[in-house]
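Engineer: What follows is the file target_12.pdb, containing PDB, C-alpha atoms, pLDDT in the B column:
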```pdb
ATOM      1  CA  MET A   1     -19.519  18.859   2.733  1.00 65.00           C
ATOM      2  CA  THR A   2     -23.168  17.886   2.583  1.00 73.00           C
ATOM      3  CA  PRO A   3     -25.382  19.547   5.191  1.00 72.00           C
ATOM      4  CA  PRO A   4     -27.489  17.212   7.361  1.00 74.00           C
ATOM      5  CA  ASP A   5     -31.104  16.478   6.452  1.00 78.00           C
ATOM      6  CA  SER A   6     -32.156  15.521   9.979  1.00 74.00           C
ATOM      7  CA  ARG A   7     -34.568  17.510  12.120  1.00 78.00           C
ATOM      8  CA  THR A   8     -33.847  16.040  15.562  1.00 83.00           C
ATOM      9  CA  LEU A   9     -30.733  15.263  17.560  1.00 85.00           C
ATOM     10  CA  PHE A  10     -31.348  11.508  17.329  1.00 87.00           C
ATOM     11  CA  GLU A  11     -31.974  11.700  13.571  1.00 90.00           C
ATOM     12  CA  LEU A  12     -28.700  13.603  13.188  1.00 91.00           C
ATOM     13  CA  LEU A  13     -26.814  10.873  15.028  1.00 93.00           C
ATOM     14  CA  HIS A  14     -28.349   8.193  12.800  1.00 91.00           C
ATOM     15  CA  GLU A  15     -27.656  10.205   9.683  1.00 93.00           C
ATOM     16  CA  GLN A  16     -23.993  10.474  10.649  1.00 93.00           C
ATOM     17  CA  ALA A  17     -23.890   6.760  11.518  1.00 95.00           C
ATOM     18  CA  GLU A  18     -25.199   5.977   8.020  1.00 94.00           C
ATOM     19  CA  ARG A  19     -22.775   8.336   6.294  1.00 93.00           C
ATOM     20  CA  TYR A  20     -19.702   7.617   8.419  1.00 95.00           C
ATOM     21  CA  PRO A  21     -20.276   4.367  10.348  1.00 95.00           C
ATOM     22  CA  GLY A  22     -16.601   3.680  11.002  1.00 96.00           C
ATOM     23  CA  ARG A  23     -15.476   7.218  11.790  1.00 97.00           C
ATOM     24  CA  THR A  24     -14.647   8.098  15.349  1.00 97.00           C
ATOM     25  CA  ALA A  25     -17.401  10.146  16.956  1.00 95.00           C
ATOM     26  CA  VAL A  26     -16.158  10.266  20.556  1.00 95.00           C
ATOM     27  CA  ILE A  27     -12.887   9.680  22.356  1.00 95.00           C
ATOM     28  CA  CYS A  28     -13.164   9.112  26.085  1.00 90.00           C
ATOM     29  CA  GLY A  29      -9.858   8.332  27.733  1.00 89.00           C
ATOM     30  CA  GLU A  30      -8.483   5.222  26.081  1.00 91.00           C
ATOM     31  CA  ARG A  31     -11.844   4.396  24.566  1.00 91.00           C
ATOM     32  CA  ALA A  32     -13.050   5.492  21.129  1.00 95.00           C
ATOM     33  CA  ALA A  33     -16.553   5.047  19.744  1.00 96.00           C
ATOM     34  CA  THR A  34     -17.632   5.292  16.134  1.00 97.00           C
ATOM     35  CA  TYR A  35     -20.821   6.974  15.016  1.00 97.00           C
ATOM     36  CA  ARG A  36     -22.322   3.491  14.615  1.00 97.00           C
ATOM     37  CA  ASP A  37     -21.267   2.529  18.173  1.00 97.00           C
ATOM     38  CA  LEU A  38     -22.790   5.709  19.581  1.00 97.00           C
ATOM     39  CA  ALA A  39     -26.029   5.253  17.629  1.00 96.00           C
ATOM     40  CA  ASP A  40     -26.321   1.614  18.736  1.00 97.00           C
ATOM     41  CA  GLY A  41     -25.724   2.515  22.401  1.00 96.00           C
ATOM     42  CA  ALA A  42     -28.264   5.338  22.223  1.00 96.00           C
ATOM     43  CA  GLY A  43     -30.754   2.965  20.607  1.00 95.00           C
ATOM     44  CA  ARG A  44     -30.353   0.453  23.437  1.00 96.00           C
ATOM     45  CA  ILE A  45     -30.908   3.117  26.074  1.00 96.00           C
ATOM     46  CA  GLY A  46     -33.863   4.558  24.150  1.00 96.00           C
ATOM     47  CA  ALA A  47     -35.447   1.091  23.967  1.00 97.00           C
ATOM     48  CA  ALA A  48     -34.916   0.547  27.702  1.00 97.00           C
ATOM     49  CA  LEU A  49     -36.453   3.943  28.507  1.00 97.00           C
ATOM     50  CA  LYS A  50     -39.428   3.178  26.257  1.00 97.00           C
ATOM     51  CA  ALA A  51     -39.922  -0.186  27.990  1.00 97.00           C
ATOM     52  CA  TYR A  52     -39.900   1.717  31.288  1.00 96.00           C
ATOM     53  CA  GLY A  53     -42.743   3.897  29.960  1.00 97.00           C
ATOM     54  CA  VAL A  54     -40.823   7.044  29.029  1.00 97.00           C
ATOM     55  CA  GLY A  55     -42.309   8.998  26.135  1.00 96.00           C
ATOM     56  CA  ARG A  56     -42.423  12.371  24.422  1.00 96.00           C
ATOM     57  CA  GLY A  57     -42.026  15.278  26.808  1.00 96.00           C
ATOM     58  CA  ASP A  58     -41.029  13.152  29.802  1.00 97.00           C
ATOM     59  CA  ARG A  59     -37.936  14.222  31.703  1.00 97.00           C
ATOM     60  CA  VAL A  60     -35.069  11.752  32.084  1.00 97.00           C
ATOM     61  CA  GLY A  61     -32.503  12.398  34.804  1.00 97.00           C
ATOM     62  CA  ILE A  62     -28.897  11.622  33.883  1.00 96.00           C
ATOM     63  CA  LEU A  63     -26.314  11.199  36.614  1.00 95.00           C
ATOM     64  CA  VAL A  64     -23.143  10.070  34.856  1.00 92.00           C
ATOM     65  CA  ASN A  65     -19.608  11.465  34.681  1.00 90.00           C
ATOM     66  CA  ASN A  66     -18.383  13.009  31.422  1.00 89.00           C
ATOM     67  CA  ARG A  67     -18.095   9.821  29.397  1.00 91.00           C
ATOM     68  CA  LEU A  68     -19.595   7.925  26.487  1.00 93.00           C
ATOM     69  CA  GLU A  69     -22.577   6.656  28.503  1.00 94.00           C
ATOM     70  CA  TRP A  70     -23.681  10.251  29.140  1.00 95.00           C
ATOM     71  CA  LEU A  71     -23.942  10.854  25.409  1.00 95.00           C
ATOM     72  CA  GLU A  72     -25.757   7.553  24.858  1.00 96.00           C
ATOM     73  CA  ALA A  73     -28.290   8.465  27.545  1.00 96.00           C
ATOM     74  CA  CYS A  74     -28.827  11.953  26.141  1.00 95.00           C
ATOM     75  CA  PHE A  75     -29.306  10.666  22.575  1.00 95.00           C
ATOM     76  CA  GLY A  76     -31.441   7.760  23.848  1.00 96.00           C
ATOM     77  CA  ALA A  77     -33.811  10.136  25.638  1.00 96.00           C
ATOM     78  CA  SER A  78     -33.904  12.349  22.560  1.00 93.00           C
ATOM     79  CA  ALA A  79     -34.937   9.360  20.441  1.00 93.00           C
ATOM     80  CA  LEU A  80     -38.227   9.251  22.346  1.00 95.00           C
ATOM     81  CA  GLY A  81     -38.786  12.991  22.340  1.00 95.00           C
ATOM     82  CA  ALA A  82     -37.951  13.027  26.041  1.00 96.00           C
ATOM     83  CA  VAL A  83     -35.959  15.789  27.716  1.00 95.00           C
ATOM     84  CA  ALA A  84     -32.538  14.917  29.128  1.00 95.00           C
ATOM     85  CA  VAL A  85     -31.995  16.493  32.554  1.00 97.00           C
ATOM     86  CA  PRO A  86     -28.317  16.254  33.530  1.00 96.00           C
ATOM     87  CA  PHE A  87     -27.366  16.216  37.199  1.00 96.00           C
ATOM     88  CA  SER A  88     -23.918  16.967  38.563  1.00 95.00           C
ATOM     89  CA  THR A  89     -22.028  13.999  39.971  1.00 94.00           C
ATOM     90  CA  TRP A  90     -20.609  16.458  42.497  1.00 95.00           C
ATOM     91  CA  SER A  91     -24.017  17.102  44.039  1.00 95.00           C
ATOM     92  CA  LYS A  92     -24.530  15.990  47.612  1.00 96.00           C
ATOM     93  CA  PRO A  93     -27.470  13.699  48.506  1.00 96.00           C
ATOM     94  CA  GLY A  94     -29.602  16.587  49.784  1.00 97.00           C
ATOM     95  CA  GLU A  95     -28.940  18.604  46.655  1.00 96.00           C
ATOM     96  CA  LEU A  96     -29.821  15.652  44.426  1.00 95.00           C
ATOM     97  CA  ALA A  97     -33.055  15.085  46.341  1.00 95.00           C
ATOM     98  CA  TYR A  98     -34.033  18.700  45.749  1.00 96.00           C
ATOM     99  CA  LEU A  99     -33.028  18.580  42.052  1.00 95.00           C
ATOM    100  CA  LEU A 100     -34.977  15.360  41.469  1.00 94.00           C
ATOM    101  CA  ALA A 101     -38.114  16.800  43.024  1.00 94.00           C
ATOM    102  CA  ASP A 102     -37.761  20.192  41.325  1.00 96.00           C
ATOM    103  CA  SER A 103     -37.083  18.771  37.839  1.00 96.00           C
ATOM    104  CA  ALA A 104     -40.005  16.320  37.954  1.00 94.00           C
ATOM    105  CA  VAL A 105     -38.082  13.563  36.175  1.00 95.00           C
ATOM    106  CA  ALA A 106     -40.057  10.516  35.081  1.00 93.00           C
ATOM    107  CA  ALA A 107     -37.005   8.277  35.026  1.00 94.00           C
TER     108      ALA A 107
END
```
Show me this structure written as structure tokens.
Structural biologist:
Amino acid sequence: MTPPDSRTLFELLHEQAERYPGRTAVICGERAATYRDLADGAGRIGAALKAYGVGRGDRVGILVNNRLEWLEACFGASALGAVAVPFSTWSKPGELAYLLADSAVAA
């Protein structure tokens, strides 16, 4: 086994997508995603966040159940050097309002 050369989470994902593009990276219910699928999805979200003005050090709130899109959002934020801030889907509106204000998310 060859150790990874990457220094960031996003670089690691891309390295694995280059080495093993067709291998399954994630299984979510009936859905399976390869490393290439995951890298492509993360790239799309990263590009959308960048277009929104998100950059290095910004905080990105993520409110998604445990599924593939959560990983894409986390990797997409990481691609920009942003910080992923996960929120619980079980939080009530008042709790979410507090968490949003306290975490100072940019997006």
Engineer: Between atom CA of A:Ala84 and atom CA of A:Thr2, what distance in Å does the model show, to one decimal?
Structural biologist: 28.3 Å
Engineer: Using all atoms listed in the file, pick whichever of A:Glu69, A:Glu18, A:Asp58, A:Glu11 has the shortest atom-to-atom distance to A:Arg31.
Structural biologist: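 Of A:Glu69, A:Glu18, A:Asp58, A:Glu11, the one nearest A:Arg31 is A:Glu69, counting all atoms listed in the file.
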Engineer: Carefully work through the PyMOL selection byres ((chain A and resi 34) around 7) for this structure and note down the residues it includes, as an MDAnalysis selection string.
Structural biologist: chainID A and resid 21:26 32:33 35:38
Engineer: With C-alpha atoms retained, export the selected residues as a compact mmCIF listing (two decimals), keeping the file's coordinate frame.
Structural biologist:
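For reference, selection-v8.txt as written:
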```
# COMPACT_ATOMS: atom_id res chain seq x y z
CA PRO A 21 -20.28 4.37 10.35
CA GLY A 22 -16.60 3.68 11.00
CA ARG A 23 -15.48 7.22 11.79
CA THR A 24 -14.65 8.10 15.35
CA ALA A 25 -17.40 10.15 16.96
CA VAL A 26 -16.16 10.27 20.56
CA ALA A 32 -13.05 5.49 21.13
CA ALA A 33 -16.55 5.05 19.74
CA TYR A 35 -20.82 6.97 15.02
CA ARG A 36 -22.32 3.49 14.62
CA ASP A 37 -21.27 2.53 18.17
CA LEU A 38 -22.79 5.71 19.58
```
Engineer: Using only C-alpha atoms, determine which residues lie at most 7 Å from A:Leu80, disregarding the query and same-chain residues fewer than 3 positions distant; provide the list as a PyMOL selection string.
Structural biologist: chain A and resi 46+55-56+77
Engineer: Using C-alpha atoms, can you write the selected residues to a file as a tab-separated table (two decimals), keeping the file's coordinate frame?
Structural biologist:
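selection_32.tsv, written as the output of this step:
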```tsv
chain	number	residue	atom	x	y	z
A	46	GLY	CA	-33.86	4.56	24.15
A	55	GLY	CA	-42.31	9.00	26.14
A	56	ARG	CA	-42.42	12.37	24.42
A	77	ALA	CA	-33.81	10.14	25.64
```
Engineer: So what does the PyMOL selection byres ((chain A and resi 62) around 10) actually pick up in this one, as a PyMOL selection string?
Structural biologist: chain A and resi 59-61+63-65+69-71+73-74+77+84-89+105+107
Engineer: How far is it from atom CA of A:Glu15 to atom CA of A:Gly81, in Å with one decimal?
Structural biologist: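 One can read the atom CA of A:Glu15 to atom CA of A:Gly81 distance as 17.1 Å.
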Engineer: Do you know which residues lie at most 12 Å from (-37.1, 1.9, 19.3), with coordinates as in the file and all atoms listed in the file counted, and could you write them as a list in words?
Structural biologist: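 Within the cut-off we find Phe10, Ala39, Asp40, Gly41, Ala42, Gly43, Arg44, Ile45, Gly46, Ala47, Ala48, Leu49, Lys50, Ala51, Val54, Gly55, Gly76, Ala77, Ser78, Ala79, Leu80 and Gly81 of chain A.
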Engineer: What is the atom CA of A:Asp5-atom CA of A:Gly57 distance in Å, reported with one decimal?
Structural biologist: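 Pair atom CA of A:Asp5 / atom CA of A:Gly57 returns 23.1 Å.
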Engineer: Could the centre and edge lengths of an axis-aligned box, enclosing all atoms of stretch 82-92 of chain A in the file with 8 Å extra on each side, be given in Å to one decimal as JSON?
Structural biologist:
```
{"center_x": -29.3, "center_y": 15.1, "center_z": 36.8, "size_x": 33.3, "size_y": 20.1, "size_z": 37.6}
```
Engineer: Find the spatial neighbours of A:Cys28, counting all atoms listed in the file, within a cut-off of 10 Å - ignore same-chain residues fewer than 6 positions away - and output them as a PyMOL selection string.
Structural biologist: chain A and resi 66-68
Engineer: Identify which of the residues A:Ala82, A:Phe75, A:Ala104, A:Leu99 lies closest to A:His14, counting all atoms listed in the file when measuring atom-to-atom distances.
Structural biologist: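 Answer, going by the shortest atom-to-atom distance: A:Phe75.
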